[in-house]
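In what follows, a single structure is set out as structure tokens and then discussed.
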Amino acid sequence: MPSIYDHGVDYSSLTRATTLSVEKLTDPSLNISYVRLQWVDLVNNIRCRVIPLDYFLKLLQSSRPGVGVAKIAFGIVYLMAAEGFAPSGEYLIVPDLSTIRLAPYAPGEVVVLGWFKEKTPYPGIDNKLTLDVPLCPRATLQRVVSQSSQSGIEYLVGFESEFILLKTTKPIVAASNHSWTATNGFPSGTVVQKILREIADGIQASGIELQMYHAEAAPGQYEMVTGPLPPLQAADALIHTREIIYNTAAKHGLRATFAPRIYMDSAGSSAHTHISIHSKNNEKVPNQLSPVESSFLASVLTNLPALTALTLPTQASYKRMADGVWSGGTYVNWGTENREAPIRLSNATSPSSRNFEMRFVDGTANPYLALTGILGAGFAGIRDKAELKIKDCPGPKTAAQLSEKERQTLGITQRMALTWDEARQNLANNQLLRDSILGTELTTKFLSVNKTLADALNLDGDDEVASLTRLVEFY
């Protein structure tokens, strides 16, 4: 029976996504004609192949359904190839039939996500033949989640999608001006109000739970909050939500951008990630973290300076992560309901709805890789029974406002990576993330294409206006 401390919806670890069955594709009432086979690359571009339904159904009858994609697909930004990627070789992208959803922005179309597989089996680490592709972000996340599940640890993940609606990108002009969470953010009869309603309806029509939406603080900035799901399904739902946001805005002549910070005199945009931990042996009480929660948190904090290479992967990301701008700040710490800590403990005294809000994630991050890093590090802490040495920093003073002595008392001794270069170096030197969680091949290739991404986004040199336009048109 719930205690008097409980509040909020109590989600079970058995919560699952709502998607369409293959049989529904031929339902005359849906009038489906095309299938978008999608994947997300290492720089968080959503890519796809559009397949007529008739041919897609033929593919499903083949011995190994899939579509060929050049291996360089993981290493290309614009037409710039990253070091370590060649134009030769081809993967199969295999549809994951558990991910079929309506594309509400494209009537008559559905979306299905895929797994990358090798065309020809090769000897794996254990010398057994395998088709696995180490660079596949979805498969990498699934591997990490499976390791946790085998130890009785399950997670639920929910996302906040912050974005800005723009009238134009040359010059950058916001579609609206409003106050934070005020009703003047969506005045009746405007194109913005119509877009937001269509986005909300589209998310729900796709089988994704929408909890709420509201106006955020920056000009043209809004947030869609979607419900928790198991990690892989949550990342899939986030990608679909972003597609709905972007395409619905485009349909009405606006541009939706997930760029981290457009206005240096206002708030940035993030992808706050809420994670709750579930285990039969993880009894939660109102007034303190359980041992499993505590060890999970301890290890995420220990690895936080390296994790940001995955969760804040662009140079622009570090314009958002600053002290005093509601972004989570620059000190490695956590705090109960403290939005100036990189990890906020939300609903701290409610065992049924308690979760960690990871505030150090933005919309330029590939969500599969971000969750792989966070959950992989957290599970390593659970496995090793890591001790939480950093104490709660609930405020009213933030870590940045505390004196050095006060920070030492709370065990706050480390800064976040303050630059893109520093985060990359931290990841390269982090043995747990590099060798055990991501694997050396994925780490090396990610850092390579991440460098190419930076080069591509810096093609305009010192022209800050042109660089910002390039950023919002890319993300």
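How things are named: the first chain in the structure tokens is A, the next is B, and so on; residues count from 1 in each chain; ligands count from 1 in the order shown.
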
Margin query: Considering only strand (DSSP E or B) as DSSP defines it on the backbone, what residues of range 270-405 of chain A qualify? List them as a ChimeraX atom specification.
Written below: /A:273-278,285,288,331,334-336,343-346,355-358

Notebook entry, point to check: If you count only C-alpha atoms, which residues fall within 7 Å of range 16-19 of chain A, apart from same-chain ones fewer than 3 positions away, as a PyMOL selection string?
Noted result: chain A and resi 98-101+207-208+229-230+233

Note to self: Ranking A:Val43, A:Val173, A:Ala298, A:Ile199 by minimum distance to Val332 in chain A and counting only C-alpha atoms, which one comes first?
What the structure shows: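 Of A:Val43, A:Val173, A:Ala298, A:Ile199, the one nearest Val332 in chain A is A:Ala298, counting only C-alpha atoms.
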
Could you give me, as JSON lines, every range 234-301 of chain A residue with an atom at most 10 Å from range 151-156 of chain A, plus its closest atom pair and distance in Å to one decimal, counting only C-alpha atoms, rows ordered by chain then number?
```
{"residue": "A:Ala234", "atom": "CA", "partner": "A:Leu156", "partner_atom": "CA", "distance": 8.0}
{"residue": "A:His274", "atom": "CA", "partner": "A:Leu156", "partner_atom": "CA", "distance": 8.0}
{"residue": "A:Ile275", "atom": "CA", "partner": "A:Leu156", "partner_atom": "CA", "distance": 5.7}
{"residue": "A:Ser276", "atom": "CA", "partner": "A:Leu156", "partner_atom": "CA", "distance": 5.3}
{"residue": "A:Ile277", "atom": "CA", "partner": "A:Tyr155", "partner_atom": "CA", "distance": 4.8}
{"residue": "A:His278", "atom": "CA", "partner": "A:Glu154", "partner_atom": "CA", "distance": 5.0}
{"residue": "A:Ser279", "atom": "CA", "partner": "A:Ile153", "partner_atom": "CA", "distance": 5.1}
{"residue": "A:Lys280", "atom": "CA", "partner": "A:Gly152", "partner_atom": "CA", "distance": 7.2}
{"residue": "A:Asn281", "atom": "CA", "partner": "A:Gly152", "partner_atom": "CA", "distance": 8.2}
{"residue": "A:Asn282", "atom": "CA", "partner": "A:Ile153", "partner_atom": "CA", "distance": 8.8}
{"residue": "A:Val292", "atom": "CA", "partner": "A:Ile153", "partner_atom": "CA", "distance": 9.0}
```

Restrict the selected residues to N, CA and C atoms and save them as an mmCIF file, in the first residue's frame.
```cif
data_model
loop_
_atom_site.group_PDB
_atom_site.id
_atom_site.type_symbol
_atom_site.label_atom_id
_atom_site.label_comp_id
_atom_site.auth_asym_id
_atom_site.auth_seq_id
_atom_site.Cartn_x
_atom_site.Cartn_y
_atom_site.Cartn_z
ATOM 1 N N ALA A 234 12.674 3.701 -24.593
ATOM 2 C CA ALA A 234 12.638 5.138 -24.291
ATOM 3 C C ALA A 234 13.422 5.930 -25.325
ATOM 4 N N HIS A 274 15.348 11.278 -17.138
ATOM 5 C CA HIS A 274 14.924 10.797 -15.816
ATOM 6 C C HIS A 274 15.065 9.278 -15.768
ATOM 7 N N ILE A 275 15.784 8.796 -14.763
ATOM 8 C CA ILE A 275 16.068 7.360 -14.640
ATOM 9 C C ILE A 275 15.647 6.874 -13.254
ATOM 10 N N SER A 276 14.809 5.856 -13.228
ATOM 11 C CA SER A 276 14.476 5.191 -11.966
ATOM 12 C C SER A 276 15.008 3.766 -12.020
ATOM 13 N N ILE A 277 15.381 3.232 -10.857
ATOM 14 C CA ILE A 277 16.028 1.922 -10.763
ATOM 15 C C ILE A 277 15.088 0.970 -10.040
ATOM 16 N N HIS A 278 14.931 -0.219 -10.605
ATOM 17 C CA HIS A 278 13.973 -1.186 -10.064
ATOM 18 C C HIS A 278 14.656 -2.544 -9.872
ATOM 19 N N SER A 279 14.443 -3.124 -8.705
ATOM 20 C CA SER A 279 14.985 -4.439 -8.391
ATOM 21 C C SER A 279 14.166 -5.049 -7.269
ATOM 22 N N LYS A 280 13.970 -6.356 -7.322
ATOM 23 C CA LYS A 280 13.238 -7.028 -6.250
ATOM 24 C C LYS A 280 13.951 -6.887 -4.913
ATOM 25 N N ASN A 281 15.262 -6.723 -4.967
ATOM 26 C CA ASN A 281 16.046 -6.590 -3.737
ATOM 27 C C ASN A 281 16.356 -5.136 -3.407
ATOM 28 N N ASN A 282 15.646 -4.217 -4.078
ATOM 29 C CA ASN A 282 15.921 -2.786 -3.908
ATOM 30 C C ASN A 282 14.725 -2.117 -3.227
ATOM 31 N N VAL A 292 21.153 0.172 -3.720
ATOM 32 C CA VAL A 292 21.313 0.079 -5.176
ATOM 33 C C VAL A 292 21.330 1.474 -5.799
#
```

Next item on the list: Select, from A:Pro231, A:Asp132, A:Ile32, A:Val300, the residue with the minimum atom-to-atom distance to Ala380 in chain A, counting only C-alpha atoms.
Entry: A:Val300

Checklist line | Distance query Arg339 in chain A at most 7 Å, only C-alpha atoms, self and fewer than 2 positions along chain excluded, as JSON, numbers by chain | finding: {"A": [326, 328, 337, 341, 344]}
